[in-house]
$ cat work_8.txt   # compact mmCIF, C-alpha atoms
# COMPACT_ATOMS: atom_id res chain seq x y z
CA MET A 15 -24.25 27.15 11.59
CA SER A 16 -25.29 26.67 7.96
CA VAL A 17 -23.75 24.23 5.58
CA LYS A 18 -21.30 25.07 2.83
CA ILE A 19 -20.94 22.76 -0.14
CA GLU A 20 -18.15 23.45 -2.61
CA LYS A 21 -17.86 21.34 -5.72
CA GLU A 22 -14.51 20.45 -7.19
CA GLN A 23 -13.72 18.66 -10.41
CA ILE A 24 -11.03 15.98 -10.16
CA LYS A 25 -8.45 16.32 -12.94
CA ASP A 26 -8.72 13.73 -15.73
CA LYS A 27 -11.80 12.14 -14.18
CA PRO A 28 -14.78 13.64 -16.00
CA GLU A 29 -17.36 11.40 -14.32
CA LEU A 30 -16.19 12.06 -10.77
CA LEU A 31 -17.09 15.09 -8.67
CA LEU A 32 -15.96 16.08 -5.21
CA TRP A 33 -18.19 17.89 -2.74
CA LYS A 34 -16.28 19.59 0.08
CA ILE A 35 -18.88 19.97 2.79
CA ALA A 36 -18.41 22.11 5.87
CA GLY A 37 -20.63 23.03 8.77
CA SER A 38 -23.81 21.54 10.12
CA LEU A 39 -26.01 19.24 8.07
CA GLY A 40 -29.19 19.96 9.97
CA THR A 41 -32.71 19.66 8.65
CA GLU A 42 -32.39 23.10 7.07
CA SER A 43 -29.53 21.86 4.89
CA ILE A 44 -31.62 19.52 2.77
CA ASN A 45 -32.60 22.32 0.37
CA ASP A 46 -28.93 23.17 -0.13
CA ILE A 47 -28.09 19.51 -0.77
CA SER A 48 -30.99 19.15 -3.14
CA SER A 49 -30.22 22.27 -5.18
CA LYS A 50 -26.49 21.45 -5.39
CA PHE A 51 -27.36 17.95 -6.53
CA GLU A 52 -29.76 19.26 -9.18
CA GLU A 53 -26.83 21.15 -10.69
CA ILE A 54 -24.79 18.01 -11.16
CA ILE A 55 -27.35 15.29 -11.93
CA ASN A 56 -28.01 16.73 -15.38
CA GLN A 57 -24.33 16.79 -16.26
CA ASN A 58 -22.04 13.84 -16.94
CA TYR A 59 -21.17 13.12 -13.34
CA LYS A 60 -21.94 9.63 -12.14
CA PHE A 61 -19.71 9.42 -9.10
CA LEU A 62 -19.70 11.75 -6.13
CA ILE A 63 -17.35 11.89 -3.14
CA ALA A 64 -18.69 13.84 -0.19
CA GLU A 65 -15.66 15.06 1.80
CA MET A 66 -16.90 15.46 5.35
CA SER A 67 -13.87 16.25 7.53
CA ASN A 68 -15.26 19.73 8.29
CA VAL A 69 -18.78 18.58 9.08
CA ASN A 70 -19.73 18.78 12.74
CA PHE A 71 -23.28 17.45 12.66
CA ILE A 72 -25.56 15.43 10.42
CA SER A 73 -29.29 15.00 10.79
CA SER A 74 -31.36 12.05 9.69
CA ALA A 75 -33.09 14.38 7.20
CA ALA A 76 -29.75 15.24 5.57
CA LEU A 77 -28.80 11.57 5.47
CA GLY A 78 -32.11 10.81 3.82
CA GLN A 79 -31.37 13.47 1.22
CA PHE A 80 -27.94 11.91 0.56
CA MET A 81 -29.60 8.53 0.16
CA GLY A 82 -31.86 10.01 -2.49
CA CYS A 83 -28.85 11.51 -4.29
CA ARG A 84 -27.04 8.20 -4.18
CA GLN A 85 -30.04 6.34 -5.55
CA MET A 86 -30.18 8.65 -8.57
CA LEU A 87 -26.46 8.17 -9.22
CA VAL A 88 -26.73 4.40 -8.88
CA GLU A 89 -29.50 4.44 -11.49
CA LYS A 90 -26.98 6.09 -13.83
CA GLY A 91 -24.44 3.36 -13.04
CA GLY A 92 -22.57 5.46 -10.51
CA ASP A 93 -22.29 5.85 -6.75
CA MET A 94 -21.88 8.30 -3.89
CA VAL A 95 -19.36 7.75 -1.07
CA PHE A 96 -18.17 9.60 2.02
CA SER A 97 -14.65 10.47 3.06
CA GLY A 98 -13.16 12.00 6.21
CA VAL A 99 -16.18 11.40 8.45
CA ASN A 100 -15.16 11.77 12.10
CA LEU A 101 -15.80 9.00 14.59
CA ASP A 102 -18.72 10.70 16.37
CA ILE A 103 -20.63 11.31 13.18
CA LYS A 104 -19.79 7.87 11.85
CA THR A 105 -21.18 6.31 15.02
CA LYS A 106 -24.38 8.28 14.55
CA LEU A 107 -24.58 7.32 10.89
CA SER A 108 -24.04 3.70 11.83
CA ALA A 109 -27.03 3.88 14.19
CA MET A 110 -29.07 5.26 11.29
CA GLY A 111 -28.07 2.32 9.10
CA ALA A 112 -25.93 4.39 6.76
CA LEU A 113 -22.99 1.96 6.86
CA LYS A 114 -25.11 -0.65 5.11
CA ILE A 115 -25.74 1.70 2.21
CA PHE A 116 -22.73 3.99 1.80
CA LYS A 117 -19.03 3.29 1.57
CA PHE A 118 -16.86 5.30 3.96
CA TYR A 119 -13.20 6.14 3.46
CA ASN A 120 -10.89 7.60 6.08
CA GLU A 121 -9.62 10.25 3.77
CA LEU A 122 -10.10 11.70 0.32
CA ARG A 123 -7.03 10.08 -1.21
CA THR A 124 -8.31 6.61 -0.29
CA ALA A 125 -11.71 7.42 -1.76
CA ILE A 126 -10.16 8.53 -5.04
CA ASN A 127 -7.86 5.49 -5.09
CA ALA A 128 -10.93 3.29 -4.61
CA TYR A 129 -12.63 5.03 -7.53
CA GLU A 130 -9.56 4.48 -9.73
CA TRP A 131 -9.45 0.85 -8.68
CA GLU A 132 -13.15 0.04 -9.07
CA VAL A 133 -14.24 2.23 -11.97
CA GLU A 134 -11.11 3.02 -13.97
CA LYS A 135 -9.67 -0.44 -13.17
CA LYS A 136 -6.33 1.25 -12.70
CA PRO A 137 -3.65 -1.16 -11.48
CA GLU A 138 -1.29 -0.38 -8.62
CA LYS A 139 2.40 -1.14 -8.50
CA VAL A 140 4.58 -2.40 -5.66
CA TYR A 141 8.34 -2.80 -6.00
CA LEU A 142 10.53 -4.83 -3.71
CA SER A 143 14.25 -5.49 -3.68
CA PHE A 144 15.49 -8.21 -1.31
CA PRO A 145 18.67 -10.18 -0.66
CA PRO A 146 18.99 -13.46 -2.59
CA GLU A 147 18.51 -15.80 0.37
CA LEU A 148 15.84 -18.47 0.78
CA LYS A 149 14.97 -17.38 4.29
CA PHE A 150 13.38 -14.18 2.96
CA VAL A 151 11.10 -15.90 0.48
CA PRO A 152 8.27 -16.71 2.94
CA ALA A 153 8.01 -13.05 3.98
CA VAL A 154 7.96 -11.96 0.34
CA ARG A 155 5.25 -14.39 -0.69
CA GLN A 156 3.13 -13.61 2.33
CA MET A 157 3.40 -9.89 1.66
CA VAL A 158 2.16 -10.32 -1.91
CA SER A 159 -0.65 -12.61 -0.71
CA ARG A 160 -1.72 -10.07 1.92
CA ILE A 161 -1.70 -7.28 -0.64
CA ALA A 162 -3.93 -9.38 -2.89
CA LYS A 163 -6.38 -10.03 -0.03
CA GLN A 164 -6.31 -6.38 0.98
CA LYS A 165 -7.28 -5.48 -2.57
CA GLY A 166 -10.26 -7.85 -2.45
CA TYR A 167 -8.91 -11.05 -3.98
CA SER A 168 -10.36 -14.23 -2.48
CA GLN A 169 -8.41 -16.44 -0.07
CA ARG A 170 -8.04 -19.05 -2.79
CA ASP A 171 -6.78 -16.58 -5.38
CA ALA A 172 -4.40 -15.06 -2.84
CA PHE A 173 -3.05 -18.48 -1.94
CA ARG A 174 -2.43 -19.38 -5.58
CA ILE A 175 -0.67 -16.07 -6.05
CA GLU A 176 1.42 -16.83 -2.97
CA THR A 177 2.37 -20.19 -4.48
CA ILE A 178 3.46 -18.54 -7.72
CA VAL A 179 5.56 -15.97 -5.86
CA ASP A 180 7.13 -18.70 -3.74
CA GLU A 181 8.18 -20.75 -6.76
CA ILE A 182 9.53 -17.79 -8.73
CA CYS A 183 11.49 -16.39 -5.81
CA ASN A 184 12.88 -19.79 -4.79
CA ASN A 185 14.09 -20.25 -8.37
CA ALA A 186 15.58 -16.77 -8.42
CA VAL A 187 17.58 -17.57 -5.27
CA GLU A 188 18.56 -21.13 -6.17
CA HIS A 189 19.64 -20.29 -9.71
CA GLY A 190 21.10 -16.96 -8.85
CA SER A 191 24.75 -16.10 -9.00
CA VAL A 192 26.54 -16.97 -5.76
CA ASP A 193 29.28 -14.48 -6.52
CA GLN A 194 27.42 -11.31 -7.13
CA LYS A 195 24.94 -11.33 -4.27
CA LYS A 196 22.92 -8.67 -6.01
CA ASN A 197 19.43 -8.21 -4.67
CA ILE A 198 16.47 -9.83 -6.38
CA GLU A 199 13.94 -7.33 -7.72
CA ALA A 200 10.25 -8.09 -7.69
CA THR A 201 7.52 -5.93 -9.18
CA VAL A 202 3.85 -6.59 -8.53
CA ILE A 203 1.27 -4.84 -10.68
CA ILE A 204 -2.14 -5.60 -9.20
CA GLY A 205 -5.41 -4.63 -10.78
CA LYS A 206 -9.04 -5.43 -10.22
CA GLU A 207 -9.00 -8.21 -12.80
CA LYS A 208 -5.46 -9.53 -12.86
CA ILE A 209 -2.10 -9.51 -11.19
CA GLU A 210 1.28 -9.40 -12.89
CA LEU A 211 4.51 -10.42 -11.25
CA GLU A 212 7.98 -9.84 -12.51
CA VAL A 213 11.06 -11.16 -10.75
CA VAL A 214 14.53 -10.30 -11.97
CA ASN A 215 17.76 -11.79 -10.69
CA THR A 216 21.40 -12.17 -11.67
CA SER A 217 21.79 -15.75 -12.84
CA ASP A 218 24.53 -18.24 -12.14
CA PRO A 219 26.29 -18.54 -15.53
CA ASN A 220 26.74 -22.28 -14.89
CA LYS A 221 23.00 -22.73 -14.59
CA ILE A 222 21.70 -20.54 -17.39
CA GLU A 223 21.79 -23.23 -20.08
CA HIS A 224 19.94 -25.63 -17.84
CA LEU A 225 17.36 -22.94 -17.10
CA LYS A 226 16.88 -22.32 -20.80
CA GLU A 227 16.38 -26.03 -21.32
CA ILE A 228 13.68 -26.18 -18.65
CA SER A 229 12.06 -23.05 -20.05
CA ASN A 230 11.95 -24.52 -23.53
CA SER A 231 10.60 -27.81 -22.26
CA LEU A 232 7.64 -26.00 -20.77
CA LYS A 233 6.60 -25.05 -24.28
CA THR A 234 6.33 -28.71 -25.29
CA LEU A 235 4.08 -31.38 -23.91
CA SER A 236 6.80 -33.87 -23.08
CA PRO A 237 9.73 -32.48 -21.11
CA LYS A 238 12.96 -34.37 -21.66
CA HIS A 239 14.75 -33.19 -18.53
CA ASP A 240 14.86 -34.89 -15.15
CA GLU A 241 11.23 -34.94 -13.93
CA ARG A 242 12.14 -33.55 -10.53
CA ARG A 243 13.65 -30.40 -12.02
CA GLY A 244 11.35 -27.87 -13.59
CA ARG A 245 8.35 -28.87 -11.46
CA GLY A 246 8.29 -25.38 -9.97
CA LEU A 247 8.02 -23.69 -13.34
CA ALA A 248 5.47 -26.26 -14.47
CA LEU A 249 3.43 -25.47 -11.35
CA ILE A 250 3.63 -21.73 -12.07
CA LYS A 251 2.47 -22.40 -15.60
CA MET A 252 -0.52 -24.40 -14.32
CA LEU A 253 -1.56 -21.71 -11.84
CA SER A 254 -1.11 -18.69 -14.09
CA ASN A 255 -2.45 -17.50 -17.40
CA LYS A 256 0.82 -16.42 -18.93
CA LEU A 257 4.45 -17.18 -18.15
CA ASP A 258 7.44 -15.61 -19.89
CA ILE A 259 11.06 -16.22 -19.07
CA ASN A 260 13.71 -13.99 -20.60
CA PHE A 261 17.43 -14.41 -20.46
CA SER A 262 19.51 -11.36 -21.21
CA GLY A 263 23.15 -10.86 -20.35
CA ASP A 264 23.63 -12.29 -16.91
CA GLY A 265 20.07 -11.70 -15.79
CA THR A 266 16.90 -13.76 -15.81
CA SER A 267 13.50 -12.19 -15.76
CA VAL A 268 10.34 -14.17 -15.08
CA HIS A 269 7.03 -12.50 -15.88
CA VAL A 270 3.75 -14.06 -14.79
CA THR A 271 0.19 -12.92 -15.38
CA LYS A 272 -2.66 -14.38 -13.39
CA LEU A 273 -6.28 -13.47 -13.95
CA ARG A 274 -8.50 -13.08 -10.95
CA GLU A 275 -10.64 -16.20 -10.66
CA GLU A 276 -13.15 -15.32 -7.95
CA MET B 5 31.72 -4.05 9.79
CA ASN B 6 29.21 -6.70 8.73
CA THR B 7 27.40 -6.13 5.45
CA PRO B 8 23.77 -5.51 6.27
CA TYR B 9 20.80 -7.07 4.54
CA LYS B 10 19.26 -4.34 2.41
CA PHE B 11 15.64 -4.07 1.35
CA LYS B 12 13.82 -1.50 -0.67
CA LEU B 13 10.09 -1.10 -1.14
CA LYS B 14 8.03 1.33 -3.17
CA PHE B 15 4.27 1.32 -2.83
CA PRO B 16 1.26 3.55 -3.51
CA SER B 17 0.45 6.12 -0.87
CA ASP B 18 -2.61 4.23 0.35
CA LEU B 19 -3.30 3.07 3.90
CA ASP B 20 -4.35 -0.36 2.58
CA TYR B 21 -0.69 -1.19 1.98
CA ILE B 22 0.52 -0.56 5.50
CA PRO B 23 -0.46 -3.90 7.11
CA PRO B 24 1.27 -6.11 4.50
CA ILE B 25 4.35 -3.87 4.46
CA ARG B 26 4.80 -3.72 8.22
CA LYS B 27 4.27 -7.47 8.58
CA PHE B 28 6.89 -8.03 5.89
CA ILE B 29 9.41 -5.99 7.86
CA ALA B 30 8.58 -7.86 11.08
CA GLU B 31 8.94 -11.24 9.38
CA THR B 32 12.30 -10.37 7.84
CA LEU B 33 13.54 -9.28 11.26
CA THR B 34 12.42 -12.57 12.77
CA VAL B 35 14.28 -14.64 10.18
CA THR B 36 17.41 -12.56 10.78
CA GLN B 37 17.41 -13.70 14.42
CA PHE B 38 15.82 -10.72 16.10
CA THR B 39 13.33 -11.69 18.77
CA PRO B 40 9.57 -11.64 18.11
CA LYS B 41 9.32 -8.79 20.60
CA PHE B 42 11.87 -6.72 18.70
CA ALA B 43 10.19 -7.55 15.43
CA TYR B 44 6.79 -6.51 16.72
CA ARG B 45 8.01 -3.22 18.18
CA SER B 46 9.72 -2.48 14.88
CA GLU B 47 6.43 -3.26 13.15
CA VAL B 48 4.74 -0.66 15.36
CA ILE B 49 7.31 1.96 14.36
CA VAL B 50 7.05 1.18 10.66
CA ASP B 51 3.26 1.43 10.96
CA GLU B 52 3.41 4.88 12.55
CA ILE B 53 5.99 6.33 10.18
CA CYS B 54 4.27 4.99 7.06
CA HIS B 55 0.89 6.18 8.32
CA ASN B 56 2.26 9.70 8.74
CA ALA B 57 3.90 9.61 5.34
CA ILE B 58 0.62 8.63 3.67
CA VAL B 59 -1.74 10.89 5.59
CA HIS B 60 0.46 13.98 5.92
CA GLY B 61 3.19 13.57 3.32
CA SER B 62 1.39 12.87 0.08
CA ARG B 63 0.12 15.80 -1.92
CA SER B 64 -0.45 14.28 -5.34
CA LEU B 65 -3.00 11.63 -6.24
CA ASN B 66 -0.42 9.15 -7.52
CA ALA B 67 2.03 9.66 -4.68
CA GLU B 68 4.32 6.79 -3.73
CA ILE B 69 6.07 5.93 -0.51
CA GLU B 70 9.60 4.58 -0.52
CA LEU B 71 10.95 2.50 2.34
CA GLU B 72 14.57 1.42 2.58
CA CYS B 73 15.98 -0.62 5.40
CA GLU B 74 19.19 -2.24 6.50
CA ILE B 75 19.32 -5.11 8.94
CA TYR B 76 22.60 -5.41 10.83
CA PRO B 77 23.37 -8.07 13.45
CA ASP B 78 22.89 -5.51 16.21
CA LYS B 79 20.44 -3.00 14.82
CA PHE B 80 17.72 -2.19 12.34
CA GLU B 81 17.69 1.06 10.44
CA PHE B 82 15.06 2.28 8.05
CA ARG B 83 14.09 5.38 6.12
CA VAL B 84 10.65 6.31 4.83
CA LYS B 85 10.49 8.87 2.07
CA ASP B 86 7.41 10.72 0.96
CA GLU B 87 6.83 13.60 -1.41
CA GLY B 88 6.34 16.06 1.40
CA GLY B 89 3.25 17.54 2.96
CA LYS B 90 1.96 21.03 3.48
CA LYS B 91 4.38 23.54 4.92
CA GLU B 92 2.57 23.73 8.27
CA ASP B 93 2.57 19.93 8.64
CA LEU B 94 6.30 19.81 7.88
CA GLU B 95 7.01 22.43 10.51
CA LYS B 96 5.00 20.49 13.05
CA LEU B 97 6.77 17.26 12.14
CA LYS B 98 10.18 18.90 12.48
CA SER B 99 9.21 20.25 15.84
CA VAL B 100 7.98 16.91 17.18
CA VAL B 101 11.04 15.04 15.88
CA LYS B 102 13.28 17.52 17.69
CA LYS B 103 11.30 17.79 20.89
CA SER B 104 9.95 15.16 23.23
CA ASP B 105 6.96 17.26 24.12
CA VAL B 106 3.74 16.18 22.38
CA SER B 107 2.27 19.63 23.00
CA ALA B 108 4.37 20.72 20.02
CA LEU B 109 1.43 19.56 17.93
CA GLY B 110 -1.18 21.67 19.67
CA LEU B 111 -2.84 19.09 21.89
CA SER B 112 -4.76 21.87 23.60
CA GLU B 113 -6.76 22.34 20.42
CA GLY B 114 -8.35 18.95 20.86
CA ASN B 115 -5.85 17.08 18.70
CA GLU B 116 -4.92 14.61 21.41
CA ASN B 117 -4.00 11.88 18.97
CA ARG B 118 -1.73 14.06 16.86
CA GLY B 119 1.92 13.54 17.73
CA LEU B 120 1.23 10.37 19.69
CA GLY B 121 2.54 8.22 16.86
CA LEU B 122 5.91 9.93 16.79
CA GLU B 123 6.13 9.81 20.55
CA ILE B 124 5.61 6.06 20.36
CA VAL B 125 8.37 5.90 17.75
CA ARG B 126 10.70 7.91 19.96
CA LEU B 127 9.95 5.66 22.93
CA LEU B 128 10.77 2.51 20.99
CA SER B 129 13.82 3.66 19.03
CA GLU B 130 17.33 4.90 19.66
CA GLU B 131 17.49 7.51 16.92
CA ILE B 132 14.92 9.40 14.90
CA ASP B 133 15.60 12.23 12.56
CA MET B 134 14.22 13.77 9.43
CA GLU B 135 15.51 15.45 6.35
CA ILE B 136 13.64 17.71 3.98
CA GLY B 137 15.04 17.76 0.48
CA GLU B 138 14.14 19.43 -2.79
CA ASN B 139 10.45 20.22 -3.28
CA ASN B 140 9.79 19.31 0.35
CA LYS B 141 10.53 15.61 -0.19
CA THR B 142 10.73 14.29 3.35
CA THR B 143 12.75 11.40 4.73
CA VAL B 144 12.27 10.13 8.25
CA ARG B 145 15.04 7.87 9.53
CA VAL B 146 14.78 5.57 12.51
CA VAL B 147 17.35 3.33 14.18
CA ARG B 148 16.50 0.52 16.61
CA LYS B 149 19.20 -1.39 18.42
CA ARG B 150 18.96 -5.01 19.42
CA GLU B 151 17.47 -5.31 22.90
CA ASP B 152 18.53 -8.78 23.96
CA PHE B 153 22.34 -8.55 23.96
$ encode --input "work_8.txt" --output "structure tokens"
Amino acid sequence: MSVKIEKEQIKDKPELLLWKIAGSLGTESINDISSKFEEIINQNYKFLIAEMSNVNFISSAALGQFMGCRQMLVEKGGDMVFSGVNLDIKTKLSAMGALKIFKFYNELRTAINAYEWEVEKKPEKVYLSFPPELKFVPAVRQMVSRIAKQKGYSQRDAFRIETIVDEICNNAVEHGSVDQKKNIEATVIIGKEKIELEVVNTSDPNKIEHLKEISNSLKTLSPKHDERRGRGLALIKMLSNKLDINFSGDGTSVHVTKLREE
Amino acid sequence: MNTPYKFKLKFPSDLDYIPPIRKFIAETLTVTQFTPKFAYRSEVIVDEICHNAIVHGSRSLNAEIELECEIYPDKFEFRVKDEGGKKEDLEKLKSVVKKSDVSALGLSEGNENRGLGLEIVRLLSEEIDMEIGENNKTTVRVVRKREDF
């Protein structure tokens, strides 16, 4: 069975091309691969995703041809990756050493997300609403830390992020209104180079003035309040690159930006 | 009736997010006095439902998954919403949710692993149903009751 390679432009991504490959990538396919690649190498494309879910066989000759294609793209500052490769073929490719050279993604969406993350540096957003009780804070901070690690942040960076989340969420619970019991809302915007956290809660009206005092004291070098209070916010300020606290109506919003260190 | 603890999560339709999300659900169940066994089985269900939503229920590039859950003293209920998959996938999903027979997903065609996830969910839960709204937006709802009463 011969190979069929269909090219598809991805909307709003002029440097990225998709190849939908179907059939058998035997030795006879290398001319097809080569001629299809010739068509694209002279255009603006730098990144290529080879979608392989309908491929039933790959020869070492075809893999060699793909390696050549990838090398030319890398020289242009780009890359070539695979998506949707089935387990049998992936095992064979692994034996041929392909896993050391190419990146593999389970499906096309993940490959495109990876492109957006790595090349376009597009951040991703996670929203969480949780009850204002201290017992939920460990799960929240660990979730954010795991997301950071999953997205490639180092253990150290992830742990510092976890510390920031812990302090902000503890504050949101401790200074939150005991009457309203409205959920705390946390938004995480994570990108390749930085992470932003925003936590919004309904504040205890009896504590707002004190909170404002602590917040203002963080802007000066010598806090006048009780040293034991405000340590959490001071810690967040030390670990992050930007800290903003806003009081509006009965709500408090804390916004933190932390640049990736490693 | 006790007021449940309510959580809501929205995250990108990307498999990378499943491990942190399912562990979060398991950890919240543990702190609300469900056993580790219950928490882990719930984690398994969340994993399967979210996996389906991402792989089969996300048509656009920037698709999001929404997960809402309520934790009661005696049960855990959650709903996973996605933007809806292809018509044929939706029909298959409906069929598997209604039936207990995994052959509803065409196992004879060599797709032995298809449908297994939902069968696992059915085995571990008390209720599972789905709703298809406007523009094929799909919600799968699962209820698990406390096992150690």
$ atom_distance --input "work_8.txt" --atom1 "CA of Lys85 in chain B" --atom2 "CA of Ile53 in chain B"
9.6 Å
$ residues_around --input "work_8.txt" --residues "Val140 in chain A" --least-positions-apart "4" --cutoff "7 Å" --atoms "all atoms listed in the file" --output "number ranges by chain"
A: 201-203; B: 14-15
$ interface_residues --input "work_8.txt" --of "chain B" --to "chain A" --cutoff "7 Å" --atoms "only C-alpha atoms" --output "list in words"
Tyr9, Lys10, Phe11, Lys12, Leu13, Lys14, Phe15, Pro16, Asp18, Asp20, Tyr21, Pro24, Ile25, Phe28, Glu31, Thr32, Val35 and Leu65 of chain B
$ residues_around --input "work_8.txt" --residues "Glu81 in chain B" --least-positions-apart "5" --cutoff "8 Å" --atoms "all atoms listed in the file" --output "list in words"
Cys73, Glu74, Ile75, Arg145, Val146, Val147 and Arg148 of chain B
$ residues_around --input "work_8.txt" --residues "Val95 in chain A" --least-positions-apart "2" --cutoff "8 Å" --atoms "all atoms listed in the file" --output "number ranges by chain"
A: 62-64, 93, 97, 116-119, 125
$ atom_distance --input "work_8.txt" --atom1 "CA of Gly263 in chain A" --atom2 "CA of Val213 in chain A"
15.4 Å
$ closest_residue --input "work_8.txt" --among "A:Pro137, A:Leu225, A:Asn230, A:Gly98" --to "Val59 in chain B" --atoms "all atoms listed in the file"
A:Gly98
$ closest_residue --input "work_8.txt" --among "A:Asp264, A:Asn45, A:Lys251, A:Lys256" --to "Lys196 in chain A" --atoms "all atoms listed in the file"
A:Asp264
$ closest_residue --input "work_8.txt" --among "B:Tyr44, B:Val100, B:Arg83, B:Lys27" --to "Glu123 in chain B" --atoms "only C-alpha atoms"
B:Val100
$ atom_distance --input "work_8.txt" --atom1 "CA of Asn58 in chain A" --atom2 "CA of Leu31 in chain A"
9.7 Å
$ closest_residue --input "work_8.txt" --among "B:Asp86, B:Ser99, B:Glu68, B:Phe38" --to "Leu122 in chain B" --atoms "only C-alpha atoms"
B:Ser99
